$ cat query.cif   # mmCIF, C-alpha atoms
data_data
loop_
_atom_site.label_atom_id
_atom_site.label_comp_id
_atom_site.auth_asym_id
_atom_site.auth_seq_id
_atom_site.Cartn_x
_atom_site.Cartn_y
_atom_site.Cartn_z
CA MET A 560 171.58 14.84 67.31
CA GLY A 561 172.59 11.86 65.19
CA ASP A 562 169.01 10.65 65.14
CA TYR A 563 167.84 13.92 63.65
CA PHE A 564 170.52 13.68 60.98
CA VAL A 565 169.40 10.18 60.01
CA LEU A 566 165.78 11.34 59.95
CA ALA A 567 166.68 14.31 57.75
CA ILE A 568 168.62 12.16 55.25
CA SER A 569 165.86 9.60 55.06
CA CYS A 570 163.24 12.30 54.47
CA ILE A 571 165.24 14.13 51.81
CA PHE A 572 166.55 11.19 49.80
CA VAL A 573 165.24 7.77 50.76
CA ASN A 574 161.60 8.69 51.24
CA ASN A 575 161.63 11.68 48.91
CA ILE A 576 158.15 13.15 48.99
CA LEU A 577 157.80 13.50 45.23
CA LEU A 578 159.65 10.51 43.88
CA ALA A 579 159.11 7.82 46.50
CA GLN A 580 155.87 8.82 48.23
CA PHE A 581 154.11 10.32 45.20
CA LEU A 582 152.75 13.36 46.97
CA GLY A 583 152.45 16.78 45.36
CA GLN A 584 152.48 15.57 41.77
CA CYS A 585 150.33 18.43 40.44
CA PRO A 586 152.86 21.18 41.19
CA PHE A 587 155.66 18.78 40.25
CA LEU A 588 154.34 18.53 36.70
CA GLY A 589 152.62 21.91 36.59
CA THR A 590 155.38 24.25 37.70
CA SER A 591 158.42 22.47 36.30
CA LYS A 592 158.38 23.83 32.78
CA LYS A 593 160.51 26.83 33.73
CA MET A 594 163.29 27.07 36.27
CA GLU A 595 161.90 30.32 37.69
CA THR A 596 158.51 28.90 38.58
CA ALA A 597 160.14 25.77 39.99
CA THR A 598 162.31 27.75 42.40
CA GLY A 599 159.35 29.96 43.38
CA MET A 600 157.22 26.94 44.12
CA SER A 601 160.00 25.23 46.08
CA MET A 602 160.50 28.27 48.28
CA ALA A 603 156.80 28.60 48.96
CA VAL A 604 156.58 24.92 49.85
CA VAL A 605 159.52 25.05 52.27
CA PHE A 606 157.93 28.03 53.97
CA VAL A 607 154.42 26.65 54.28
CA MET A 608 155.32 23.02 54.94
CA VAL A 609 157.45 23.82 57.98
CA MET A 610 154.80 26.10 59.47
CA ALA A 611 151.96 23.71 58.68
CA GLY A 612 153.91 20.79 60.12
CA MET A 613 154.36 22.60 63.43
CA ILE A 614 150.85 23.97 63.70
CA THR A 615 149.04 20.77 62.76
CA TRP A 616 151.20 18.87 65.26
CA ILE A 617 150.12 21.28 67.99
CA THR A 618 146.50 21.09 66.83
CA ASN A 619 146.53 17.32 66.92
CA ASN A 620 148.24 16.86 70.26
CA TYR A 621 146.80 19.73 72.27
CA LEU A 622 143.35 20.12 70.74
CA LEU A 623 142.09 16.96 69.04
CA LYS A 624 143.66 14.41 71.38
CA PRO A 625 142.52 15.86 74.74
CA LEU A 626 139.00 16.38 73.40
CA ASP A 627 139.00 12.87 71.88
CA ILE A 628 137.80 14.06 68.48
CA GLU A 629 140.58 12.66 66.34
CA PHE A 630 138.10 11.54 63.70
CA LEU A 631 137.83 15.23 62.76
CA ARG A 632 141.52 15.30 61.86
CA THR A 633 141.03 15.56 58.10
CA VAL A 634 138.63 18.49 58.41
CA ALA A 635 140.71 20.22 61.08
CA PHE A 636 143.99 19.88 59.19
CA ILE A 637 142.69 21.16 55.89
CA LEU A 638 141.12 24.16 57.63
CA VAL A 639 144.32 24.89 59.53
CA ILE A 640 146.37 24.69 56.34
CA ALA A 641 143.95 26.80 54.32
CA SER A 642 143.79 29.55 56.92
CA LEU A 643 147.54 29.39 57.48
CA VAL A 644 148.18 29.91 53.77
CA GLN A 645 145.74 32.82 53.70
CA PHE A 646 147.35 34.35 56.77
CA VAL A 647 150.89 33.94 55.44
CA GLU A 648 149.82 35.54 52.18
CA MET A 649 148.36 38.60 53.90
CA PHE A 650 151.34 38.88 56.24
CA LEU A 651 153.90 38.71 53.43
CA LYS A 652 151.99 41.18 51.25
CA LYS A 653 152.07 43.71 54.07
CA SER A 654 155.53 43.25 55.57
CA ILE A 655 157.86 41.53 53.08
CA PRO A 656 156.59 42.56 49.61
CA THR A 657 159.75 41.38 47.82
CA LEU A 658 159.31 37.82 49.06
CA TYR A 659 155.59 38.03 48.28
CA ALA A 660 156.35 39.05 44.70
CA GLY A 661 158.78 36.14 44.44
CA LEU A 662 156.31 33.54 45.66
CA GLY A 663 153.49 35.12 43.68
CA ILE A 664 150.65 32.87 42.70
CA PHE A 665 152.22 29.78 44.23
CA LEU A 666 151.11 30.56 47.76
CA PRO A 667 147.35 30.12 47.25
CA LEU A 668 147.99 27.01 45.17
CA ILE A 669 149.66 25.35 48.12
CA THR A 670 146.35 24.83 49.92
CA THR A 671 145.55 22.01 47.53
CA ASN A 672 149.11 20.71 47.43
CA CYS A 673 148.77 17.26 48.88
CA ALA A 674 152.44 17.19 49.85
CA VAL A 675 151.77 19.70 52.66
CA MET A 676 148.75 17.84 53.99
CA GLY A 677 150.55 14.52 53.46
CA VAL A 678 153.56 15.55 55.52
CA CYS A 679 151.29 16.70 58.35
CA LEU A 680 149.52 13.34 58.33
CA ILE A 681 152.81 11.41 58.16
CA ASN A 682 154.09 13.34 61.18
CA ILE A 683 151.05 12.25 63.16
CA ASN A 684 150.95 8.66 61.90
CA GLU A 685 154.63 8.11 62.74
CA GLU A 686 154.00 9.58 66.20
CA TYR A 687 156.91 11.99 65.95
CA SER A 688 157.81 14.30 68.82
CA PHE A 689 157.58 18.03 68.17
CA MET A 690 161.27 18.36 67.26
CA GLN A 691 161.16 15.29 65.04
CA ALA A 692 158.07 16.64 63.28
CA LEU A 693 159.87 19.94 62.70
CA VAL A 694 162.98 18.26 61.28
CA ALA A 695 160.90 15.89 59.16
CA SER A 696 158.76 18.70 57.69
CA LEU A 697 161.84 20.76 56.83
CA SER A 698 163.63 17.79 55.26
CA TYR A 699 160.61 16.72 53.24
CA ALA A 700 160.30 20.29 51.97
CA ILE A 701 163.98 20.35 51.01
CA GLY A 702 163.55 17.03 49.23
CA PHE A 703 160.58 18.47 47.37
CA GLY A 704 162.60 21.49 46.26
CA LEU A 705 165.58 19.38 45.26
CA ALA A 706 163.55 17.02 43.09
CA LEU A 707 161.47 19.82 41.56
CA ILE A 708 164.50 21.94 40.61
CA LEU A 709 166.40 18.96 39.18
CA PHE A 710 163.34 18.01 37.17
CA ALA A 711 162.82 21.56 35.90
CA GLY A 712 166.43 21.66 34.73
CA ILE A 713 165.97 18.53 32.65
CA ARG A 714 162.56 19.60 31.40
CA GLU A 715 163.88 22.86 30.02
CA ARG A 716 166.12 20.74 27.81
CA THR A 717 163.46 18.27 26.70
CA ASN A 718 161.23 21.20 25.74
CA ILE A 719 163.61 22.24 22.99
CA ALA A 720 164.61 18.70 22.04
CA ARG A 721 162.95 16.85 19.18
CA VAL A 722 160.51 14.52 20.90
CA PRO A 723 158.03 12.32 18.98
CA LYS A 724 154.66 14.03 18.81
CA PRO A 725 152.54 11.75 21.04
CA LEU A 726 155.24 11.72 23.70
CA GLN A 727 155.51 15.48 23.94
CA ASP A 728 154.94 17.54 27.08
CA THR A 729 153.48 15.64 30.03
CA SER A 730 154.22 12.22 28.62
CA ILE A 731 157.96 12.71 28.23
CA GLY A 732 157.89 14.60 31.53
CA LEU A 733 156.57 11.53 33.32
CA VAL A 734 159.17 9.27 31.74
CA THR A 735 161.88 11.75 32.78
CA ALA A 736 160.47 11.79 36.30
CA GLY A 737 160.69 8.01 36.26
CA MET A 738 164.38 8.22 35.44
CA ILE A 739 165.01 10.70 38.28
CA ALA A 740 163.00 8.46 40.59
CA LEU A 741 165.24 5.58 39.54
CA SER A 742 168.33 7.50 40.62
CA PHE A 743 166.71 8.41 43.94
CA PHE A 744 165.67 4.78 44.28
CA ALA A 745 169.35 3.92 44.68
CA PHE A 746 169.30 5.66 48.08
CA LYS A 747 166.98 2.89 49.33
CA GLY A 748 170.09 0.80 49.89
CA MET A 749 171.26 3.28 52.54
CA ALA A 750 168.27 2.80 54.80
CA MET B 1195 117.41 17.00 29.55
CA ALA B 1196 118.27 13.32 29.52
CA GLN B 1197 120.42 13.88 26.47
CA SER B 1198 122.56 16.58 28.04
CA MET B 1199 122.94 14.46 31.16
CA VAL B 1200 124.30 11.62 29.06
CA LYS B 1201 126.68 14.08 27.42
CA GLU B 1202 128.04 15.28 30.76
CA PHE B 1203 128.38 11.68 31.88
CA THR B 1204 130.25 10.39 28.84
CA LYS B 1205 132.72 13.26 28.60
CA GLY B 1206 134.33 12.01 31.80
CA LEU B 1207 134.86 8.60 30.28
CA TRP B 1208 137.02 9.57 27.33
CA ALA B 1209 137.13 13.19 26.14
CA GLU B 1210 138.11 14.62 29.53
CA VAL B 1211 139.08 11.49 31.46
CA PRO B 1212 140.69 13.03 34.55
CA PRO B 1213 144.19 11.71 35.16
CA PHE B 1214 145.13 11.41 31.49
CA ARG B 1215 143.53 14.36 29.74
CA LEU B 1216 143.45 16.86 32.56
CA VAL B 1217 146.64 15.67 34.32
CA LEU B 1218 145.01 16.33 37.66
CA GLY B 1219 145.00 14.23 40.78
CA LEU B 1220 148.05 12.25 39.85
CA CYS B 1221 149.24 11.46 43.37
CA PRO B 1222 146.84 8.59 44.11
CA VAL B 1223 147.10 7.45 40.50
CA LEU B 1224 150.80 6.82 40.90
CA ALA B 1225 150.84 5.70 44.49
CA VAL B 1226 148.04 3.17 44.88
CA THR B 1227 148.19 1.38 41.52
CA LYS B 1228 150.53 -1.41 42.58
CA THR B 1229 147.64 -3.87 42.49
CA VAL B 1230 144.27 -3.80 40.75
CA GLU B 1231 142.45 -4.23 44.07
CA ASN B 1232 143.97 -1.04 45.47
CA GLY B 1233 143.28 0.82 42.24
CA ILE B 1234 139.59 -0.07 42.18
CA GLY B 1235 139.17 0.62 45.91
CA MET B 1236 140.69 4.06 45.55
CA GLY B 1237 138.59 4.73 42.45
CA ILE B 1238 135.33 3.87 44.21
CA ALA B 1239 136.21 5.99 47.25
CA THR B 1240 137.02 8.97 45.03
CA THR B 1241 133.86 8.48 42.95
CA PHE B 1242 131.71 8.52 46.09
CA VAL B 1243 133.30 11.75 47.30
CA LEU B 1244 133.03 13.31 43.83
CA VAL B 1245 129.33 12.54 43.38
CA CYS B 1246 128.31 13.57 46.91
CA SER B 1247 130.32 16.78 46.99
CA ASN B 1248 129.19 17.72 43.48
CA LEU B 1249 125.57 17.21 44.52
CA LEU B 1250 125.85 19.24 47.72
CA VAL B 1251 127.87 22.06 46.14
CA SER B 1252 125.36 22.27 43.32
CA MET B 1253 122.40 22.34 45.72
CA LEU B 1254 124.02 25.09 47.79
CA ARG B 1255 125.37 27.05 44.83
CA ASN B 1256 122.99 29.96 45.34
CA VAL B 1257 123.56 30.12 49.09
CA ILE B 1258 127.36 30.04 49.28
CA PRO B 1259 128.84 33.55 49.10
CA PRO B 1260 131.34 33.70 46.22
CA LYS B 1261 134.15 35.16 48.31
CA VAL B 1262 134.44 32.20 50.67
CA ARG B 1263 133.36 29.54 48.22
CA ILE B 1264 136.64 27.61 48.13
CA ALA B 1265 136.66 27.24 51.91
CA CYS B 1266 133.04 26.05 51.82
CA TYR B 1267 133.81 23.50 49.11
CA ILE B 1268 136.77 22.19 51.07
CA VAL B 1269 134.68 21.70 54.21
CA ILE B 1270 131.98 19.88 52.20
CA ILE B 1271 134.57 17.62 50.57
CA ALA B 1272 136.38 16.99 53.85
CA THR B 1273 133.09 15.88 55.43
CA PHE B 1274 132.49 13.24 52.78
CA VAL B 1275 136.12 12.11 52.94
CA THR B 1276 135.75 11.59 56.68
CA ILE B 1277 132.62 9.51 56.02
CA VAL B 1278 134.54 7.35 53.53
CA GLU B 1279 137.41 7.02 55.97
CA LEU B 1280 135.18 5.82 58.81
CA VAL B 1281 133.15 3.48 56.60
CA MET B 1282 136.30 1.89 55.21
CA GLN B 1283 137.76 1.51 58.68
CA ALA B 1284 134.63 -0.37 59.69
CA PHE B 1285 134.01 -2.57 56.64
CA ALA B 1286 137.21 -2.77 54.58
CA TYR B 1287 140.01 -2.50 57.12
CA PRO B 1288 142.76 -4.34 55.14
CA LEU B 1289 142.17 -2.09 52.12
CA PHE B 1290 142.11 0.96 54.40
CA LEU B 1291 145.55 0.00 55.73
CA LYS B 1292 146.92 -0.48 52.22
CA LEU B 1293 145.67 2.85 50.90
CA GLY B 1294 146.97 4.56 54.05
CA ILE B 1295 147.15 8.34 53.97
CA PHE B 1296 145.77 8.49 50.45
CA ILE B 1297 142.23 8.20 51.78
CA PRO B 1298 142.38 11.42 53.85
CA LEU B 1299 144.29 12.97 50.97
CA ILE B 1300 141.23 12.75 48.69
CA VAL B 1301 140.43 16.13 50.28
CA VAL B 1302 143.25 17.75 48.38
CA ASN B 1303 142.73 15.77 45.19
CA CYS B 1304 142.55 18.45 42.52
CA ILE B 1305 139.87 16.58 40.56
CA VAL B 1306 137.30 16.81 43.34
CA LEU B 1307 137.83 20.49 44.07
CA GLY B 1308 138.23 21.20 40.38
CA ARG B 1309 134.83 19.70 39.49
CA SER B 1310 133.13 21.58 42.35
CA GLU B 1311 134.59 24.86 41.20
CA ALA B 1312 134.39 24.37 37.45
CA PHE B 1313 131.13 22.49 37.09
CA ALA B 1314 128.94 21.93 40.14
CA SER B 1315 128.94 25.58 41.21
CA LYS B 1316 127.35 26.58 37.91
CA ASN B 1317 124.96 23.73 37.11
CA PRO B 1318 121.80 22.21 38.61
CA PRO B 1319 122.06 19.10 40.84
CA HIS B 1320 121.10 16.43 38.29
CA MET B 1321 123.79 17.65 35.88
CA ALA B 1322 126.32 17.79 38.71
CA ILE B 1323 125.60 14.16 39.61
CA ALA B 1324 126.04 13.08 35.98
CA ASP B 1325 129.31 14.97 35.80
CA GLY B 1326 130.59 13.58 39.10
CA LEU B 1327 129.62 10.03 38.18
CA GLY B 1328 131.25 10.27 34.74
CA MET B 1329 134.46 11.76 36.10
CA GLY B 1330 134.54 9.24 38.94
CA ILE B 1331 134.05 6.25 36.68
CA GLY B 1332 136.61 7.60 34.22
CA PHE B 1333 139.04 7.99 37.11
CA THR B 1334 138.32 4.46 38.35
CA LEU B 1335 138.80 3.01 34.86
CA SER B 1336 142.12 4.80 34.41
CA LEU B 1337 143.30 3.53 37.78
CA THR B 1338 142.21 0.02 36.84
CA VAL B 1339 144.03 0.08 33.50
CA LEU B 1340 147.23 1.46 34.98
CA SER B 1341 147.17 -0.91 37.95
CA ALA B 1342 146.41 -3.89 35.68
CA VAL B 1343 149.47 -3.12 33.54
CA ARG B 1344 151.63 -2.70 36.60
CA GLU B 1345 150.35 -5.76 38.41
CA ILE B 1346 150.52 -8.08 35.41
CA LEU B 1347 154.05 -7.03 34.48
CA GLY B 1348 155.34 -6.37 37.97
CA THR B 1349 154.16 -9.43 39.85
CA GLY B 1350 152.66 -11.61 37.12
CA THR B 1351 149.22 -11.67 38.73
CA LEU B 1352 145.82 -10.10 38.17
CA LEU B 1353 143.69 -9.51 41.28
CA GLY B 1354 146.04 -11.95 43.02
CA ASN B 1355 145.59 -14.77 40.48
CA PRO B 1356 148.69 -15.79 38.52
CA VAL B 1357 148.42 -14.94 34.82
CA PHE B 1358 151.58 -16.48 33.45
CA GLY B 1359 153.11 -19.89 33.99
CA PRO B 1360 155.37 -20.68 36.96
CA ASN B 1361 158.51 -19.80 34.99
CA PHE B 1362 157.56 -16.12 34.67
CA GLN B 1363 160.19 -13.73 35.93
CA PRO B 1364 158.36 -10.71 37.38
CA PHE B 1365 159.41 -7.34 36.00
CA THR B 1366 159.73 -5.82 39.47
CA PHE B 1367 160.65 -2.38 38.13
CA MET B 1368 156.96 -1.85 37.37
CA VAL B 1369 155.71 -2.07 40.95
CA GLU B 1370 158.47 0.19 42.28
CA ALA B 1371 158.18 3.97 42.32
CA PRO B 1372 160.09 4.73 39.08
CA GLY B 1373 157.99 2.21 37.15
CA ALA B 1374 154.83 4.11 38.05
CA PHE B 1375 156.05 7.27 36.35
CA VAL B 1376 157.35 5.53 33.24
CA CYS B 1377 154.23 3.38 32.90
CA LEU B 1378 151.88 6.39 33.20
CA GLY B 1379 154.00 8.35 30.74
CA LEU B 1380 153.81 5.58 28.16
CA LEU B 1381 150.05 5.10 28.67
CA LEU B 1382 149.56 8.82 28.13
CA CYS B 1383 151.60 8.56 24.95
CA MET B 1384 149.38 5.70 23.78
CA MET B 1385 146.23 7.70 24.48
CA ASN B 1386 147.64 10.61 22.47
CA LEU B 1387 148.34 8.23 19.60
CA ILE B 1388 144.81 6.82 19.61
CA GLY B 1389 143.12 10.16 20.23
CA LYS B 1390 144.77 11.83 17.23
CA LYS B 1391 142.79 9.83 14.68
#

$ encode --input "query.cif" --output "structure tokens"
Amino acid sequence: MGDYFVLAISCIFVNNILLAQFLGQCPFLGTSKKMETATGMSMAVVFVMVMAGMITWITNNYLLKPLDIEFLRTVAFILVIASLVQFVEMFLKKSIPTLYAGLGIFLPLITTNCAVMGVCLININEEYSFMQALVASLSYAIGFGLALILFAGIRERTNIARVPKPLQDTSIGLVTAGMIALSFFAFKGMA
Amino acid sequence: MAQSMVKEFTKGLWAEVPPFRLVLGLCPVLAVTKTVENGIGMGIATTFVLVCSNLLVSMLRNVIPPKVRIACYIVIIATFVTIVELVMQAFAYPLFLKLGIFIPLIVVNCIVLGRSEAFASKNPPHMAIADGLGMGIGFTLSLTVLSAVREILGTGTLLGNPVFGPNFQPFTFMVEAPGAFVCLGLLLCMMNLIGKK
């Protein structure tokens, strides 16, 4: 149990997917201008990342490994993720329309979110067991949401602040992200 | 024809240079630019995938049904990424280890898919190659510039050769994660300053 706790903490803070591993930067900068979109994106990522983490783990260990075709991993994973996203979208539209309306356009965007694919690949590279992969995917997703929502909160302020012209928008956003990354960097001492 | 090809090629170098102007595909830009060697390696790998996938998508643009086009593009891109992955494993293993999961992650690099969707699917093959080559070289140059700044300031070397005297205190902040964000932000600011004229 303690091991899982350590794994979760390290995935959320120490190896934060956005600020330490640099995955999923496009949604990080693209959806952080408003708090609403940031929370929507975070929820969608938590949802898809956990499911993708489990399914790609099963694909890798029960399909690619026995058949000895691990060199097809990249193709297999992206197809699994793309069809999973499509399936989740159809399922939600039909059965939970309120959640679907909340996630909105963020679901299809997740296919090309490298954080999802990255977490799946990390799970395999670190040779996690199924439970470890599940905990790691969930924690990485929580870390993603945490960083994105924090960042959106600050960005809403910088949007109305008086920023020098060439620094406006993405530029000041990146510098802000650097400052948040600096605070997350302090967690490195814990590991 | 040659003129328009040159136009498509050069727009990737400055007017629409991918990571700065379009703010797409930032993940590898931030993650692999600790050293110039990594930056150039990543740039070349991405350029190869860009050119090949652009060419194939453009050749197949009348065959692919529009409804499933994204899935088709992804499979085409993933194929070329797998080729790059295997080639690098065979001939550039140390670099492959350093770039790690960012090689398979070229699949989900927004630039590659973005060019397939926005350009190659609507233009003939020779234009698509020019576009892919321009974007790829622009991407490689941006990676080189960013990684040069980070390597020179962060470790005091360029391509592994010391630049400053032995008394230089490296500015380690630059090679750590937060430095990547700040450095890219400031470079973007500089580009905005120059581009305004």

$ resolve_selection --input "query.cif" --expression "the PyMOL selection byres ((chain B and resi 1241-1253) around 9)" --output "VMD selection string"
chain B and resid 1236 to 1240 1254 to 1258 1266 to 1267 1270 to 1275 1278 1300 to 1301 1305 to 1307 1309 to 1311 1313 to 1331 1333 to 1334

$ resolve_selection --input "query.cif" --expression "the PyMOL selection byres ((chain A) within 10 of (chain B))" --output "PDB file with C-alpha atoms, in the frame of the given file"
ATOM      1  CA  LEU A 577     157.800  13.500  45.230  1.00  0.00           C
ATOM      2  CA  LEU A 578     159.650  10.510  43.880  1.00  0.00           C
ATOM      3  CA  ALA A 579     159.110   7.820  46.500  1.00  0.00           C
ATOM      4  CA  GLN A 580     155.870   8.820  48.230  1.00  0.00           C
ATOM      5  CA  PHE A 581     154.110  10.320  45.200  1.00  0.00           C
ATOM      6  CA  LEU A 582     152.750  13.360  46.970  1.00  0.00           C
ATOM      7  CA  GLY A 583     152.450  16.780  45.360  1.00  0.00           C
ATOM      8  CA  GLN A 584     152.480  15.570  41.770  1.00  0.00           C
ATOM      9  CA  CYS A 585     150.330  18.430  40.440  1.00  0.00           C
ATOM     10  CA  PRO A 586     152.860  21.180  41.190  1.00  0.00           C
ATOM     11  CA  LEU A 588     154.340  18.530  36.700  1.00  0.00           C
ATOM     12  CA  GLY A 589     152.620  21.910  36.590  1.00  0.00           C
ATOM     13  CA  PHE A 630     138.100  11.540  63.700  1.00  0.00           C
ATOM     14  CA  LEU A 631     137.830  15.230  62.760  1.00  0.00           C
ATOM     15  CA  ARG A 632     141.520  15.300  61.860  1.00  0.00           C
ATOM     16  CA  THR A 633     141.030  15.560  58.100  1.00  0.00           C
ATOM     17  CA  VAL A 634     138.630  18.490  58.410  1.00  0.00           C
ATOM     18  CA  ALA A 635     140.710  20.220  61.080  1.00  0.00           C
ATOM     19  CA  PHE A 636     143.990  19.880  59.190  1.00  0.00           C
ATOM     20  CA  ILE A 637     142.690  21.160  55.890  1.00  0.00           C
ATOM     21  CA  LEU A 638     141.120  24.160  57.630  1.00  0.00           C
ATOM     22  CA  ALA A 641     143.950  26.800  54.320  1.00  0.00           C
ATOM     23  CA  SER A 642     143.790  29.550  56.920  1.00  0.00           C
ATOM     24  CA  ILE A 669     149.660  25.350  48.120  1.00  0.00           C
ATOM     25  CA  THR A 670     146.350  24.830  49.920  1.00  0.00           C
ATOM     26  CA  THR A 671     145.550  22.010  47.530  1.00  0.00           C
ATOM     27  CA  ASN A 672     149.110  20.710  47.430  1.00  0.00           C
ATOM     28  CA  CYS A 673     148.770  17.260  48.880  1.00  0.00           C
ATOM     29  CA  ALA A 674     152.440  17.190  49.850  1.00  0.00           C
ATOM     30  CA  VAL A 675     151.770  19.700  52.660  1.00  0.00           C
ATOM     31  CA  MET A 676     148.750  17.840  53.990  1.00  0.00           C
ATOM     32  CA  GLY A 677     150.550  14.520  53.460  1.00  0.00           C
ATOM     33  CA  VAL A 678     153.560  15.550  55.520  1.00  0.00           C
ATOM     34  CA  LEU A 680     149.520  13.340  58.330  1.00  0.00           C
ATOM     35  CA  ILE A 681     152.810  11.410  58.160  1.00  0.00           C
ATOM     36  CA  ASN A 684     150.950   8.660  61.900  1.00  0.00           C
ATOM     37  CA  PRO A 723     158.030  12.320  18.980  1.00  0.00           C
ATOM     38  CA  LYS A 724     154.660  14.030  18.810  1.00  0.00           C
ATOM     39  CA  PRO A 725     152.540  11.750  21.040  1.00  0.00           C
ATOM     40  CA  LEU A 726     155.240  11.720  23.700  1.00  0.00           C
ATOM     41  CA  GLN A 727     155.510  15.480  23.940  1.00  0.00           C
ATOM     42  CA  ASP A 728     154.940  17.540  27.080  1.00  0.00           C
ATOM     43  CA  THR A 729     153.480  15.640  30.030  1.00  0.00           C
ATOM     44  CA  SER A 730     154.220  12.220  28.620  1.00  0.00           C
ATOM     45  CA  ILE A 731     157.960  12.710  28.230  1.00  0.00           C
ATOM     46  CA  GLY A 732     157.890  14.600  31.530  1.00  0.00           C
ATOM     47  CA  LEU A 733     156.570  11.530  33.320  1.00  0.00           C
ATOM     48  CA  VAL A 734     159.170   9.270  31.740  1.00  0.00           C
ATOM     49  CA  THR A 735     161.880  11.750  32.780  1.00  0.00           C
ATOM     50  CA  ALA A 736     160.470  11.790  36.300  1.00  0.00           C
ATOM     51  CA  GLY A 737     160.690   8.010  36.260  1.00  0.00           C
ATOM     52  CA  MET A 738     164.380   8.220  35.440  1.00  0.00           C
ATOM     53  CA  ILE A 739     165.010  10.700  38.280  1.00  0.00           C
ATOM     54  CA  ALA A 740     163.000   8.460  40.590  1.00  0.00           C
ATOM     55  CA  LEU A 741     165.240   5.580  39.540  1.00  0.00           C
ATOM     56  CA  SER A 742     168.330   7.500  40.620  1.00  0.00           C
ATOM     57  CA  PHE A 743     166.710   8.410  43.940  1.00  0.00           C
ATOM     58  CA  PHE A 744     165.670   4.780  44.280  1.00  0.00           C
TER      59      PHE A 744
END

$ residues_around --input "query.cif" --residues "Arg1344 (chain B)" --least-positions-apart "2" --cutoff "7 Å" --atoms "all atoms listed in the file" --output "PyMOL selection string"
chain B and resi 1228+1340-1342+1346-1348+1368-1369

$ resolve_selection --input "query.cif" --expression "the PyMOL selection byres ((chain A and resi 592) around 9)" --output "PyMOL selection string"
chain A and resi 588-591+593-597+710-712+714-715+718

$ atom_distance --input "query.cif" --atom1 "CA of Phe689 (chain A)" --atom2 "CA of Ala706 (chain A)"
25.8 Å

$ atom_distance --input "query.cif" --atom1 "CA of Ile576 (chain A)" --atom2 "CA of Val604 (chain A)"
11.9 Å

$ residues_around --input "query.cif" --residues "Gly704 (chain A)" --least-positions-apart "6" --cutoff "9 Å" --atoms "all atoms listed in the file" --output "list in words"
Ala597, Thr598, Met600, Ser601, Met602, Val604 and Val605 of chain A

$ residues_around --input "query.cif" --residues "Val644 (chain A)" --least-positions-apart "2" --cutoff "9 Å" --atoms "all atoms listed in the file" --output "list in words"
Val607, Ala611, Val639, Ile640, Ala641, Ser642, Phe646, Val647, Glu648, Met649, Leu666, Pro667, Ile669 and Thr670 of chain A

$ build_atoms --input "query.cif" --residues "region 1310-1322 of chain B" --atoms "N, CA and C atoms" --output "PDB file, in the frame of the given file"
ATOM      1  N   SER B1310     134.022  20.716  41.569  1.00  0.00           N
ATOM      2  CA  SER B1310     133.130  21.580  42.350  1.00  0.00           C
ATOM      3  C   SER B1310     133.178  22.988  41.806  1.00  0.00           C
ATOM      4  N   GLU B1311     134.403  23.474  41.618  1.00  0.00           N
ATOM      5  CA  GLU B1311     134.590  24.860  41.200  1.00  0.00           C
ATOM      6  C   GLU B1311     134.167  25.053  39.751  1.00  0.00           C
ATOM      7  N   ALA B1312     134.596  24.127  38.875  1.00  0.00           N
ATOM      8  CA  ALA B1312     134.390  24.370  37.450  1.00  0.00           C
ATOM      9  C   ALA B1312     133.008  23.959  36.976  1.00  0.00           C
ATOM     10  N   PHE B1313     132.393  22.978  37.629  1.00  0.00           N
ATOM     11  CA  PHE B1313     131.130  22.490  37.090  1.00  0.00           C
ATOM     12  C   PHE B1313     129.959  22.620  38.061  1.00  0.00           C
ATOM     13  N   ALA B1314     130.092  22.022  39.246  1.00  0.00           N
ATOM     14  CA  ALA B1314     128.940  21.930  40.140  1.00  0.00           C
ATOM     15  C   ALA B1314     128.447  23.303  40.603  1.00  0.00           C
ATOM     16  N   SER B1315     129.360  24.277  40.703  1.00  0.00           N
ATOM     17  CA  SER B1315     128.940  25.580  41.210  1.00  0.00           C
ATOM     18  C   SER B1315     128.123  26.357  40.183  1.00  0.00           C
ATOM     19  N   LYS B1316     128.059  25.836  38.942  1.00  0.00           N
ATOM     20  CA  LYS B1316     127.350  26.580  37.910  1.00  0.00           C
ATOM     21  C   LYS B1316     126.178  25.812  37.333  1.00  0.00           C
ATOM     22  N   ASN B1317     125.979  24.562  37.738  1.00  0.00           N
ATOM     23  CA  ASN B1317     124.960  23.730  37.110  1.00  0.00           C
ATOM     24  C   ASN B1317     124.004  23.127  38.135  1.00  0.00           C
ATOM     25  N   PRO B1318     122.785  22.794  37.694  1.00  0.00           N
ATOM     26  CA  PRO B1318     121.800  22.210  38.610  1.00  0.00           C
ATOM     27  C   PRO B1318     122.210  20.815  39.072  1.00  0.00           C
ATOM     28  N   PRO B1319     121.616  20.346  40.206  1.00  0.00           N
ATOM     29  CA  PRO B1319     122.060  19.100  40.840  1.00  0.00           C
ATOM     30  C   PRO B1319     122.118  17.883  39.927  1.00  0.00           C
ATOM     31  N   HIS B1320     121.068  17.668  39.061  1.00  0.00           N
ATOM     32  CA  HIS B1320     121.100  16.430  38.290  1.00  0.00           C
ATOM     33  C   HIS B1320     122.279  16.397  37.314  1.00  0.00           C
ATOM     34  N   MET B1321     122.626  17.583  36.761  1.00  0.00           N
ATOM     35  CA  MET B1321     123.790  17.650  35.880  1.00  0.00           C
ATOM     36  C   MET B1321     125.065  17.402  36.674  1.00  0.00           C
ATOM     37  N   ALA B1322     125.125  17.947  37.884  1.00  0.00           N
ATOM     38  CA  ALA B1322     126.320  17.790  38.710  1.00  0.00           C
ATOM     39  C   ALA B1322     126.551  16.328  39.053  1.00  0.00           C
TER      40      ALA B1322
END
